[in-house]
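To keep things clear, I will list the structure first and then write my remarks on it.
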Amino acid sequence: MKTTIAEVHKYVGQEVTIGAWLANKRSSGKIAFLQLRDGTGFIQGVVEKSQVNEDVFQAAKSITQESSLYVTGVVREDARSPFGYELSVTNIELIHMAVDYPITPKEHGIEFLMDHRHLWLRSKRQHAIMKIRNEVIRATYEFFNENGFVKVDPPILTGSAPEGTTELFHTKYFDEDAYLSQSGQLYMEAAAMALGKVFSFGPTFRAEKSKTRRHLIEFWMIEPEMAFYQFEDNLQVQEQYVSHIVQSVLKRCQLELKTLGRDTSKLENVKPPFARITYDEAIQLLHEKGFNDIQWGDDFGAPHETAIAESFDKPVFITHYPTTLKPFYMQPDPNRPEVVLCADLIAPEGYGEIIGGSERIHDYDLLKQRLEEHQLSLDAYKWYLELRQYGSVPHSGFGLGLERTIAWICGVEHVRETIPFPRLLNRLYP
Ligand code: 4AD
Ligand code: MG
């Protein structure tokens with residue numbers, strides 16, 4: 001019976017054949033232990049000299065790391081393995097003998113691993129992270145589809161810059177100038193006026209000269225936008241959505257979380273509601289924690305976000321930032337126009353901001369004024385302003401950074417491990 005490692009539980013006591021690679025191997029004169037992987041999972045194959053033909057045992061002993069093979073064996077339950085099953089090997093058919101594999105079981109430096117990212121992805125740890133990434137994406141589609149949202153795909157090549165003009169990737173669009181999308185938000189606002197509740201999921205690009213554990217040059221963002229939703233409605237969608245993805249990973253990725261050594265007790269209580277504190281309260285909290293330099297009007301850096309998050313055991317919303325710190329499209333608080341109706345969601349354990357969102361300006365004159373104050377071209381934003389001329393309504397939305405969210409859920413230090421081929425300040429290879 002041909003099967004995969006993920007399916008072996010259906011064949012306990014039976015003989016199966018699996019197409020696999022050799023991840024690792026230990027052998028003595030009488031027995032060989034093959035750590036096998038096939039993409040769907042990892043299983044140990046046991047080859048006993050006394051139970052197989054001599055050529056099969058010799059094949060097991062001579063096969064090199066990352067060689068490909070068809071392995072046949074009887075599935076056994078095995079309480080000692082975290083996976084729960086192992087294979088008593090009866091036959092081995094070599095497909096391709098690998099040359100010396102550069103990533104050995106010993107420790108390697110990060111730059112070496114990044115140079116070999118195309119191979120590093122095969123490791124158990126990277127496999128676990130990619131499986132969790134897949135689950136976060138699956139749960140995202142599930143959440144928004146079950147809650148009446150329509151998926152809309154905004155363009156990647158754009159003529160405008162929602163998140164400021166300093167971090168744009170410029171390219172030529174025949175005779176015109178174009179930019180790679182920093183955010184699909186403005187297009188999602190147009191889509192929300194057509195379809196009510198919408199969400200996007202796509203790559204975004206920021207030419208940020210930041211070399212931190214939270215910054216990628218190319219990252220993936222989920223951007224929901226909802227017509228008739230105001231500030232508080234927006235926060236409720238966010239806490240429900242983030243809780244849904246965390247609970248889905250807990251339910252479906254126990255083995256992967258174990259592989260990563262993640263302390264899941266810190267994820268279990270991620271359920272609505274999340275605490276909300278204002279920017280003003282956050283400043284006060286920072287002063288109490290000894291950050292005496294920070295003043296009203298300053299933006300928070302990573303150490304500030306980490307210190308604020310330490311006071312909460314779930315993600316926390318920081319709301320009502322100073323207008324001067326945020327993009328032109330955010331709705332000012334009607335009672336206090338020096339702050340906007342926005343919120344950043346800060347993850348626990350030092351993972352920082354995973355969501356930025358706000359209510360949007362829906363008044364034509366105010367939006368025009370804000371564009372002018374930001375010295376943005378009224379020509380380029382003509383279509384965006386027009387949305388405020390034909391049945392303009394209050395609306396809100398947010399953007400969740402996929403890689404930062406995965407880094408937090410997986411408990412991995414750096415976002416570079418959460419995307420298959422990271423684009424970083426000094427890295428375009430492989
Ligand atoms: O806070 P940001 O810049 O918000 C926007 O782009 C809005 N237009 C979204 C919206 O309202 N539709 O980015 C949103 C999130 C951040 O909270 C962060 O998680 C992630 O995107 N992010 C990054 N992730 C990795 N590397 C970077 N360089 C990132 N910049 C932002
Ligand atoms: Mg932000």
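Ordered as shown in the structure tokens, chains take letters A, B, and onward, while each chain numbers its residues from 1 and ligands are numbered from 1 in the order shown.
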- Item | Within 8 Å of ligand 2 (only C-alpha atoms and all ligand atoms), residues as a ChimeraX atom specification | /A:344,353,355-357
- Message: Neighbours of ligand 1 at 7 Å or closer, counting only C-alpha atoms and all ligand atoms: which residues, as a VMD selection string?
- Response: chain A and resid 162 to 163 182 to 185 206 208 214 to 219 221 223 to 224 344 353 to 358 397 to 404
Save the residues we just selected, N, CA and C atoms, as a compact mmCIF listing (two decimals), in the first residue's frame?
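Written file, selection_10.txt:
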```txt
# COMPACT_ATOMS: atom_id res chain seq x y z
N PRO A 162 -0.11 54.74 0.70
CA PRO A 162 -0.91 54.97 1.91
C PRO A 162 -0.10 55.16 3.18
N GLU A 163 1.04 54.49 3.32
CA GLU A 163 1.75 54.51 4.61
C GLU A 163 2.98 55.41 4.58
N GLN A 182 2.40 49.05 -0.51
CA GLN A 182 2.77 49.02 0.91
C GLN A 182 1.60 48.50 1.73
N SER A 183 0.40 48.59 1.15
CA SER A 183 -0.84 48.25 1.84
C SER A 183 -1.94 48.35 0.80
N GLY A 184 -2.89 47.42 0.85
CA GLY A 184 -4.00 47.48 -0.10
C GLY A 184 -5.16 48.31 0.40
N GLN A 185 -4.98 48.93 1.56
CA GLN A 185 -6.11 49.54 2.27
C GLN A 185 -6.99 50.46 1.45
N ARG A 206 8.02 47.12 1.79
CA ARG A 206 8.46 48.35 2.47
C ARG A 206 9.97 48.44 2.41
N GLU A 208 12.17 49.60 4.09
CA GLU A 208 12.56 50.12 5.40
C GLU A 208 14.01 49.75 5.68
N ARG A 214 11.75 42.15 13.82
CA ARG A 214 10.35 42.28 13.45
C ARG A 214 10.13 42.80 12.04
N HIS A 215 11.20 43.11 11.32
CA HIS A 215 11.04 43.77 10.02
C HIS A 215 11.47 42.91 8.85
N LEU A 216 10.57 42.82 7.88
CA LEU A 216 10.87 42.21 6.59
C LEU A 216 10.68 43.29 5.53
N ILE A 217 11.33 43.12 4.39
CA ILE A 217 11.15 44.05 3.29
C ILE A 217 9.88 43.68 2.50
N GLU A 218 9.67 42.38 2.40
CA GLU A 218 8.45 41.86 1.76
C GLU A 218 7.72 41.04 2.80
N PHE A 219 6.50 41.42 3.13
CA PHE A 219 5.74 40.64 4.11
C PHE A 219 4.30 40.53 3.65
N MET A 221 0.19 40.59 4.37
CA MET A 221 -0.74 41.29 5.26
C MET A 221 -2.18 40.84 4.97
N GLU A 223 -5.87 42.33 5.28
CA GLU A 223 -6.47 43.64 5.46
C GLU A 223 -7.99 43.60 5.28
N PRO A 224 -8.73 43.52 6.40
CA PRO A 224 -10.18 43.60 6.35
C PRO A 224 -10.63 45.08 6.35
N ASP A 344 -3.39 50.08 17.75
CA ASP A 344 -2.39 49.08 17.41
C ASP A 344 -2.61 47.92 18.37
N GLU A 353 3.94 45.06 17.76
CA GLU A 353 2.69 45.38 17.05
C GLU A 353 2.40 44.34 15.97
N ILE A 354 1.25 43.69 16.08
CA ILE A 354 0.87 42.75 15.02
C ILE A 354 -0.26 43.30 14.15
N ILE A 355 -1.01 44.29 14.68
CA ILE A 355 -2.08 44.91 13.88
C ILE A 355 -1.99 46.42 14.00
N GLY A 356 -2.22 47.11 12.87
CA GLY A 356 -2.49 48.55 12.88
C GLY A 356 -3.84 48.75 12.21
N GLY A 357 -4.69 49.57 12.82
CA GLY A 357 -6.00 49.79 12.22
C GLY A 357 -6.63 51.08 12.70
N SER A 358 -7.76 51.45 12.08
CA SER A 358 -8.44 52.68 12.50
C SER A 358 -9.81 52.79 11.84
N GLY A 397 -11.14 49.58 9.35
CA GLY A 397 -10.43 48.38 8.92
C GLY A 397 -9.09 48.29 9.61
N PHE A 398 -8.36 47.23 9.27
CA PHE A 398 -7.07 47.03 9.91
C PHE A 398 -6.18 46.15 9.05
N GLY A 399 -4.92 46.09 9.40
CA GLY A 399 -3.99 45.21 8.70
C GLY A 399 -3.22 44.37 9.72
N LEU A 400 -3.26 43.05 9.55
CA LEU A 400 -2.51 42.16 10.43
C LEU A 400 -1.28 41.65 9.68
N GLY A 401 -0.11 41.83 10.29
CA GLY A 401 1.14 41.34 9.70
C GLY A 401 1.27 39.85 9.95
N LEU A 402 1.24 39.07 8.87
CA LEU A 402 1.23 37.61 9.02
C LEU A 402 2.48 37.09 9.72
N GLU A 403 3.64 37.57 9.32
CA GLU A 403 4.88 36.99 9.84
C GLU A 403 5.09 37.31 11.32
N ARG A 404 4.75 38.53 11.73
CA ARG A 404 4.90 38.83 13.17
C ARG A 404 3.94 37.99 14.00
```
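Residues in contact with Pro315 (chain A) at up to 7 Å, not including ones fewer than 4 positions away on its chain and judged by only C-alpha atoms, are Phe274, Leu345, Ile346, Ala347 and Pro348 of chain A.
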- Message: Which of region 19-215 of chain A end up as strand (DSSP E) when DSSP is run on this backbone - answer as number ranges by chain?
- Response: A: 19-27, 31-37, 42-48, 68-77, 85-96, 150-151, 157-158, 170-173, 176-180, 197-205
- With a distance cut-off of 7 Å and only C-alpha atoms, select the neighbouring residues of Tyr11 (chain A), excluding the residue or stretch itself and same-chain residues fewer than 3 positions from it, and output the selection as a PyMOL selection string. chain A and resi 8+14+75
Would you mind exporting N, CA and C atoms of the selected residues as a PDB file, in the first residue's frame?
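Saved as selection-v6.pdb:
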```pdb
ATOM      1  N   VAL A   8      -0.089   7.135   8.058  1.00  0.00           N
ATOM      2  CA  VAL A   8       0.288   5.777   8.512  1.00  0.00           C
ATOM      3  C   VAL A   8      -0.616   5.268   9.635  1.00  0.00           C
ATOM      4  N   GLN A  14       0.100  -3.151   9.174  1.00  0.00           N
ATOM      5  CA  GLN A  14       0.158  -3.468   7.742  1.00  0.00           C
ATOM      6  C   GLN A  14       1.460  -2.960   7.121  1.00  0.00           C
ATOM      7  N   VAL A  75       3.846  -0.776   9.808  1.00  0.00           N
ATOM      8  CA  VAL A  75       3.565   0.333  10.731  1.00  0.00           C
ATOM      9  C   VAL A  75       3.337  -0.214  12.142  1.00  0.00           C
TER      10      VAL A  75
END
```
List the neighbours of Thr171 (chain A) out to 12 Å using only C-alpha atoms; skip same-chain residues closer than 2 positions along the sequence, and give me the result as a compact mmCIF listing (two decimals) with N, CA and C atoms, in the first residue's frame.
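Once written, around_3.txt looks like this:
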```
# COMPACT_ATOMS: atom_id res chain seq x y z
N ILE A 156 -0.97 45.09 -6.83
CA ILE A 156 0.39 45.15 -6.27
C ILE A 156 1.13 46.36 -6.83
N LEU A 157 0.90 46.65 -8.11
CA LEU A 157 1.51 47.84 -8.72
C LEU A 157 0.55 49.01 -8.51
N THR A 158 1.03 50.06 -7.87
CA THR A 158 0.12 51.15 -7.52
C THR A 158 0.76 52.51 -7.85
N GLY A 159 -0.10 53.53 -7.83
CA GLY A 159 0.38 54.89 -8.05
C GLY A 159 0.34 55.72 -6.79
N LEU A 168 9.02 53.54 -0.10
CA LEU A 168 8.42 52.98 -1.31
C LEU A 168 9.45 52.30 -2.20
N PHE A 169 9.04 51.18 -2.79
CA PHE A 169 9.82 50.57 -3.86
C PHE A 169 9.33 51.16 -5.17
N TYR A 173 6.46 52.08 -14.86
CA TYR A 173 5.27 51.44 -15.39
C TYR A 173 5.10 52.01 -16.80
N PHE A 174 5.81 51.45 -17.75
CA PHE A 174 5.97 52.06 -19.08
C PHE A 174 6.49 53.48 -18.87
N ASP A 175 5.73 54.51 -19.24
CA ASP A 175 6.26 55.87 -19.09
C ASP A 175 5.93 56.50 -17.73
N GLU A 176 5.11 55.81 -16.94
CA GLU A 176 4.70 56.38 -15.65
C GLU A 176 5.58 55.82 -14.52
N ASP A 177 5.49 56.48 -13.36
CA ASP A 177 6.13 55.95 -12.15
C ASP A 177 5.13 55.07 -11.42
N ALA A 178 5.64 53.98 -10.87
CA ALA A 178 4.76 53.11 -10.08
C ALA A 178 5.51 52.66 -8.83
N TYR A 179 4.74 52.14 -7.87
CA TYR A 179 5.31 51.66 -6.60
C TYR A 179 4.75 50.29 -6.30
N LEU A 180 5.55 49.48 -5.62
CA LEU A 180 5.02 48.21 -5.13
C LEU A 180 4.16 48.51 -3.90
N SER A 181 3.06 47.81 -3.78
CA SER A 181 2.07 48.12 -2.73
C SER A 181 2.66 48.01 -1.33
```
